[in-house]
file upload_14.tsv (TSV, C-alpha atoms)
chain	number	residue	atom	x	y	z
H	1024	MET	CA	106.82	104.46	91.97
H	1025	PHE	CA	105.95	107.97	93.05
H	1026	GLY	CA	108.20	110.33	94.95
H	1027	VAL	CA	107.39	113.50	96.82
H	1028	VAL	CA	109.07	116.87	97.30
H	1029	GLY	CA	107.76	119.96	98.96
H	1030	HIS	CA	108.09	122.83	101.35
H	1031	GLY	CA	108.98	121.82	104.88
H	1032	ASP	CA	107.89	125.08	106.46
H	1033	LEU	CA	104.11	124.80	106.30
H	1034	THR	CA	101.89	126.05	109.10
H	1035	ALA	CA	100.27	123.40	111.32
H	1036	GLU	CA	96.92	123.98	109.60
H	1037	SER	CA	98.53	123.61	106.19
H	1038	TRP	CA	100.03	120.23	107.11
H	1039	GLY	CA	96.49	119.11	107.91
H	1040	LEU	CA	95.22	120.38	104.54
H	1041	VAL	CA	97.98	118.56	102.66
H	1042	GLU	CA	97.44	115.36	104.60
H	1043	GLY	CA	93.72	115.57	103.94
H	1044	GLU	CA	94.17	115.85	100.16
H	1045	LEU	CA	97.08	113.47	99.57
H	1046	PRO	CA	95.22	110.11	99.79
H	1047	ALA	CA	92.69	111.11	97.10
H	1048	LEU	CA	95.48	112.43	94.88
H	1049	LEU	CA	97.54	109.26	95.28
H	1050	GLY	CA	94.49	107.08	94.67
H	1051	ARG	CA	93.83	108.96	91.44
H	1052	LEU	CA	97.45	108.78	90.28
H	1053	GLU	CA	97.85	105.07	90.99
H	1054	PRO	CA	94.63	103.28	91.91
H	1055	HIS	CA	96.33	99.86	92.17
H	1056	GLY	CA	99.74	98.98	93.52
H	1057	LEU	CA	101.03	102.39	94.56
H	1058	VAL	CA	104.66	102.45	95.66
H	1059	GLY	CA	105.86	105.64	97.32
H	1060	VAL	CA	109.50	106.47	97.90
H	1061	VAL	CA	110.76	109.03	100.44
H	1062	ARG	CA	114.03	110.19	101.90
H	1063	ALA	CA	114.04	109.64	105.68
H	1064	ALA	CA	113.25	113.07	107.15
H	1065	ALA	CA	110.59	114.87	109.18
H	1066	GLY	CA	107.71	116.77	107.64
H	1067	LEU	CA	106.42	115.93	104.19
H	1068	PRO	CA	107.93	112.39	104.02
H	1069	VAL	CA	105.92	111.47	107.15
H	1070	VAL	CA	102.70	112.97	105.78
H	1071	PHE	CA	103.29	111.26	102.41
H	1072	ALA	CA	104.02	107.92	104.10
H	1073	ARG	CA	100.75	108.08	106.05
H	1074	ALA	CA	98.87	108.85	102.83
H	1075	VAL	CA	100.56	105.94	101.03
H	1076	HIS	CA	99.59	103.70	103.96
H	1077	ARG	CA	95.96	104.94	103.85
H	1078	VAL	CA	95.58	104.00	100.19
H	1079	GLY	CA	97.10	100.56	100.79
H	1080	GLY	CA	100.36	101.31	99.01
H	1081	ALA	CA	103.90	100.21	99.76
H	1082	LEU	CA	106.64	102.51	101.01
H	1083	VAL	CA	110.36	102.58	100.21
H	1084	VAL	CA	112.47	104.71	102.58
H	1085	VAL	CA	115.90	106.01	101.60
H	1086	VAL	CA	118.11	105.89	104.70
H	1087	PRO	CA	121.35	107.91	104.89
H	1088	THR	CA	124.55	106.06	105.68
H	1089	ALA	CA	128.04	107.13	106.64
H	1090	GLY	CA	130.31	104.46	105.26
H	1091	THR	CA	128.74	101.13	106.19
H	1092	LEU	CA	126.57	102.36	109.09
H	1093	PRO	CA	123.33	104.35	109.09
H	1094	ALA	CA	124.03	108.07	109.53
H	1095	THR	CA	122.46	109.93	112.43
H	1096	PRO	CA	119.79	112.25	111.05
H	1097	PRO	CA	119.64	115.77	112.48
H	1098	GLY	CA	117.19	116.69	115.30
H	1099	PRO	CA	113.54	115.95	114.52
H	1100	ASP	CA	114.48	113.77	111.55
H	1101	ARG	CA	115.62	111.04	113.99
H	1102	VAL	CA	112.12	110.34	115.28
H	1103	ALA	CA	110.65	110.64	111.78
H	1104	ALA	CA	113.21	108.21	110.32
H	1105	GLY	CA	112.22	105.59	112.89
H	1106	GLN	CA	108.52	106.08	112.16
H	1107	LEU	CA	109.09	105.90	108.41
H	1108	LEU	CA	111.00	102.64	108.82
H	1109	MET	CA	108.03	101.21	110.73
H	1110	TRP	CA	105.83	101.91	107.70
H	1111	ALA	CA	108.39	100.83	105.12
H	1112	GLU	CA	108.17	97.70	103.08
H	1113	ARG	CA	111.75	98.34	102.00
H	1114	ALA	CA	114.62	100.55	103.01
H	1115	ARG	CA	117.41	101.62	100.70
H	1116	LEU	CA	120.75	102.56	102.24
H	1117	VAL	CA	122.39	105.46	100.42
H	1118	GLU	CA	125.60	107.19	101.45
H	1119	PHE	CA	124.98	110.90	102.00
H	1120	ASP	CA	125.08	113.50	104.77
H	1121	PRO	CA	121.49	114.10	105.95
H	1122	GLY	CA	122.55	117.48	107.41
H	1123	ASP	CA	123.77	118.80	104.04
H	1124	PRO	CA	120.95	120.36	101.96
H	1125	ALA	CA	122.90	119.88	98.71
H	1126	ALA	CA	123.45	116.18	99.46
H	1127	CYS	CA	119.75	115.77	100.30
H	1128	ALA	CA	118.80	117.49	97.02
H	1129	ALA	CA	121.12	115.13	95.11
H	1130	VAL	CA	119.40	112.12	96.71
H	1131	ASP	CA	116.01	113.67	95.89
H	1132	GLU	CA	117.15	113.88	92.25
H	1133	ARG	CA	118.07	110.19	92.32
H	1134	ILE	CA	114.63	109.41	93.73
H	1135	ILE	CA	113.01	111.49	90.96
H	1136	ASP	CA	115.05	109.58	88.37
H	1137	SER	CA	113.66	106.31	89.74
H	1138	CYS	CA	110.01	107.40	89.71
H	1139	ARG	CA	107.32	107.45	87.08
H	1140	GLY	CA	105.68	110.41	88.80
H	1141	LEU	CA	106.34	113.07	91.39
H	1142	VAL	CA	104.01	114.82	93.83
H	1143	ALA	CA	105.18	118.35	94.64
H	1144	VAL	CA	103.67	120.15	97.63
H	1145	TRP	CA	104.69	123.50	96.24
H	1146	ASP	CA	103.42	127.07	96.18
H	1147	GLY	CA	105.16	127.80	92.87
H	1148	SER	CA	107.95	129.89	94.39
H	1149	GLY	CA	111.69	129.57	94.14
H	1150	VAL	CA	112.10	128.10	90.67
H	1151	ASN	CA	115.75	129.17	90.64
H	1152	ASP	CA	116.54	128.23	94.25
H	1153	GLN	CA	119.39	125.77	94.72
H	1154	PRO	CA	118.58	123.47	96.38
H	1155	GLY	CA	114.84	123.93	96.73
H	1156	VAL	CA	111.46	122.58	95.76
H	1157	GLY	CA	111.31	124.68	92.60
H	1158	SER	CA	114.66	123.36	91.38
H	1159	LEU	CA	113.53	119.76	92.01
H	1160	VAL	CA	110.31	120.34	90.04
H	1161	THR	CA	112.39	121.83	87.22
H	1162	TYR	CA	114.71	118.82	87.40
H	1163	ALA	CA	111.72	116.44	87.13
H	1164	HIS	CA	110.40	118.33	84.10
H	1165	ARG	CA	113.82	118.14	82.42
H	1166	ARG	CA	113.88	114.37	83.06
H	1167	LYS	CA	110.33	114.04	81.63
H	1168	VAL	CA	108.95	112.82	84.98
H	1169	PRO	CA	105.29	113.90	85.31
H	1170	VAL	CA	104.74	116.27	88.24
H	1171	GLU	CA	101.47	116.64	90.13
H	1172	VAL	CA	101.49	119.90	92.10
H	1173	LEU	CA	99.46	119.94	95.31
H	1174	TRP	CA	98.88	123.27	97.01
H	1175	PRO	CA	95.57	123.17	98.89
H	1176	SER	CA	93.43	126.27	99.07
H	1177	GLY	CA	94.32	128.07	102.29
H	1178	ALA	CA	97.79	126.49	102.62
H	1179	ARG	CA	100.44	128.82	104.01
H	1180	ARG	CA	104.14	128.70	104.79
H	1181	MET	CA	105.66	129.78	108.11
H	1182	PRO	CA	107.43	133.13	108.29
H	1183	GLN	CA	111.18	132.58	108.15
H	1184	SER	CA	111.55	132.41	111.93
H	1185	GLY	CA	113.22	129.03	112.12
H	1186	THR	CA	110.24	127.54	113.98
H	1187	SER	CA	109.02	124.27	112.52
H	1188	THR	CA	105.56	122.77	112.74
H	1189	ALA	CA	106.55	119.77	110.62
H	1190	PRO	CA	105.01	116.46	111.57
H	1191	VAL	CA	107.60	114.16	113.06
H	1192	GLY	CA	106.33	110.61	113.36
H	1193	GLU	CA	102.79	110.99	114.54
H	1194	GLY	CA	100.09	108.40	114.02
H	1195	ALA	CA	99.83	104.69	114.39
H	1196	ALA	CA	102.26	102.61	112.43
H	1197	ARG	CA	101.79	99.10	111.18
H	1198	PRO	CA	104.88	96.97	111.71
H	1199	VAL	CA	105.76	95.18	108.49
H	1200	PRO	CA	108.72	93.07	107.45
H	1201	LEU	CA	111.49	95.36	106.29
H	1202	ARG	CA	113.80	94.37	103.46
H	1203	MET	CA	117.08	96.20	103.47
H	1204	ALA	CA	118.81	96.73	100.16
H	1205	GLY	CA	122.53	97.32	99.80
H	1206	ARG	CA	124.28	100.56	98.97
H	1207	GLY	CA	125.38	101.70	95.56
H	1208	SER	CA	123.66	102.18	92.27
H	1209	PRO	CA	123.38	100.22	89.07
H	1210	SER	CA	126.22	100.86	86.69
H	1211	ASP	CA	123.92	101.41	83.72
H	1212	GLY	CA	122.35	104.50	85.29
H	1213	ASN	CA	118.87	102.94	85.43
H	1214	LEU	CA	117.82	103.97	88.93
H	1215	GLU	CA	114.44	102.22	88.75
H	1216	GLU	CA	116.15	99.01	89.81
H	1217	PHE	CA	118.15	100.98	92.39
H	1218	PHE	CA	115.03	101.15	94.58
H	1219	ASN	CA	113.71	97.63	93.88
call {"tool": "encode", "arguments": {"input": "upload_14.tsv", "output": "structure tokens"}}
result
Amino acid sequence: MFGVVGHGDLTAESWGLVEGELPALLGRLEPHGLVGVVRAAAGLPVVFARAVHRVGGALVVVVPTAGTLPATPPGPDRVAAGQLLMWAERARLVEFDPGDPAACAAVDERIIDSCRGLVAVWDGSGVNDQPGVGSLVTYAHRRKVPVEVLWPSGARRMPQSGTSTAPVGEGAARPVPLRMAGRGSPSDGNLEEFFN
């Protein structure tokens, strides 16, 4: 399984560059039987899911819950979560607040723990940010999870204006049977089976 982390504030042109390069990267990393895992959110998870779909891979989507019910994602993440579930072969219900960056980073760490590789759409900044892409890359390195950094030539981030150009659920989806897995985690700490 491969996970993905990255900046969510790319320019519209940069999203196109990333989406253009991801399928070849994923095909090189796992030519047969790719399984991608994403946390349900707008932006990079949607772009990654489309790339996984293009290379014929399977997708696992981590869906936030509040108690026993799915949690309502914030704003644009609602549309993206629905689109990701359309692409998903499996969904994994995990209790966390999708509006809390620290909770999202903790789930991203659990995803990293379950993966044999990580794709980071990252410009190399913010190594000490908490939570942030740099801290998740550092976490993956500490856990000995191989990281493939993707930062296409010409990619740029938006100025810190609060305006987002993140993709939200664009593109045609293929409906597939969805298998829902229960909440919780294995007691032995092996999170690989947590997402199976």
call {"tool": "residues_around", "arguments": {"input": "upload_14.tsv", "residues": "segment 1026-1035 of chain H", "least_positions_apart": "2", "cutoff": "6 Å", "atoms": "only C-alpha atoms", "output": "PyMOL selection string"}}
result
chain H and resi 1037-1038+1059-1060+1066+1141-1145+1156+1179-1181+1188
call {"tool": "closest_atom_pairs", "arguments": {"input": "upload_14.tsv", "of": "segment 1090-1143 of chain H", "to": "segment 1158-1171 of chain H", "cutoff": "8 Å", "atoms": "only C-alpha atoms", "output": "Markdown table"}}
result
| residue | atom | partner | partner_atom | distance |
| --- | --- | --- | --- | --- |
| H:Ala1128 | CA | H:Leu1159 | CA | 7.6 |
| H:Asp1131 | CA | H:Leu1159 | CA | 7.6 |
| H:Glu1132 | CA | H:Leu1159 | CA | 6.9 |
| H:Ile1135 | CA | H:Ala1163 | CA | 6.4 |
| H:Asp1136 | CA | H:Arg1166 | CA | 7.2 |
| H:Cys1138 | CA | H:Val1168 | CA | 7.3 |
| H:Arg1139 | CA | H:Val1168 | CA | 6.0 |
| H:Gly1140 | CA | H:Pro1169 | CA | 5.0 |
| H:Leu1141 | CA | H:Val1170 | CA | 4.8 |
| H:Val1142 | CA | H:Glu1171 | CA | 4.8 |
| H:Ala1143 | CA | H:Glu1171 | CA | 6.1 |
call {"tool": "residues_around", "arguments": {"input": "upload_14.tsv", "residues": "Ala1094 of chain H", "least_positions_apart": "4", "cutoff": "8 Å", "atoms": "only C-alpha atoms", "output": "list of chain:residue names"}}
result
H:Val1086, H:Pro1087, H:Thr1088, H:Ala1089, H:Asp1120, H:Pro1121
call {"tool": "atom_distance", "arguments": {"input": "upload_14.tsv", "atom1": "atom CA of Pro1093 of chain H", "atom2": "atom CA of Ala1074 of chain H"}}
result
25.6 Å
call {"tool": "atom_distance", "arguments": {"input": "upload_14.tsv", "atom1": "atom CA of Pro1046 of chain H", "atom2": "atom CA of Ala1063 of chain H"}}
result
19.7 Å
call {"tool": "residues_near_point", "arguments": {"input": "upload_14.tsv", "point": "(91.6, 112.8, 103.9)", "cutoff": "12 Å", "atoms": "only C-alpha atoms", "output": "list of chain:residue names"}}
result
H:Trp1038, H:Gly1039, H:Leu1040, H:Val1041, H:Glu1042, H:Gly1043, H:Glu1044, H:Leu1045, H:Pro1046, H:Ala1047, H:Leu1048, H:Leu1049, H:Gly1050, H:Val1070, H:Phe1071, H:Arg1073, H:Ala1074, H:Val1075, H:Arg1077, H:Val1078
call {"tool": "closest_atom_pairs", "arguments": {"input": "upload_14.tsv", "of": "segment 1038-1073 of chain H", "to": "segment 1099-1103 of chain H", "cutoff": "7 Å", "atoms": "all atoms listed in the file", "output": "Markdown table"}}
result
| residue | atom | partner | partner_atom | distance |
| --- | --- | --- | --- | --- |
| H:Ala1064 | CA | H:Asp1100 | CA | 4.6 |
| H:Ala1065 | CA | H:Asp1100 | CA | 4.7 |
| H:Val1069 | CA | H:Ala1103 | CA | 6.7 |
call {"tool": "closest_residue", "arguments": {"input": "upload_14.tsv", "among": "H:Leu1082, H:Pro1175, H:Gly1122, H:Gly1149", "to": "Gly1098 of chain H", "atoms": "all atoms listed in the file"}}
result
H:Gly1122
call {"tool": "atom_distance", "arguments": {"input": "upload_14.tsv", "atom1": "atom CA of Gly1079 of chain H", "atom2": "atom CA of Glu1053 of chain H"}}
result
10.8 Å
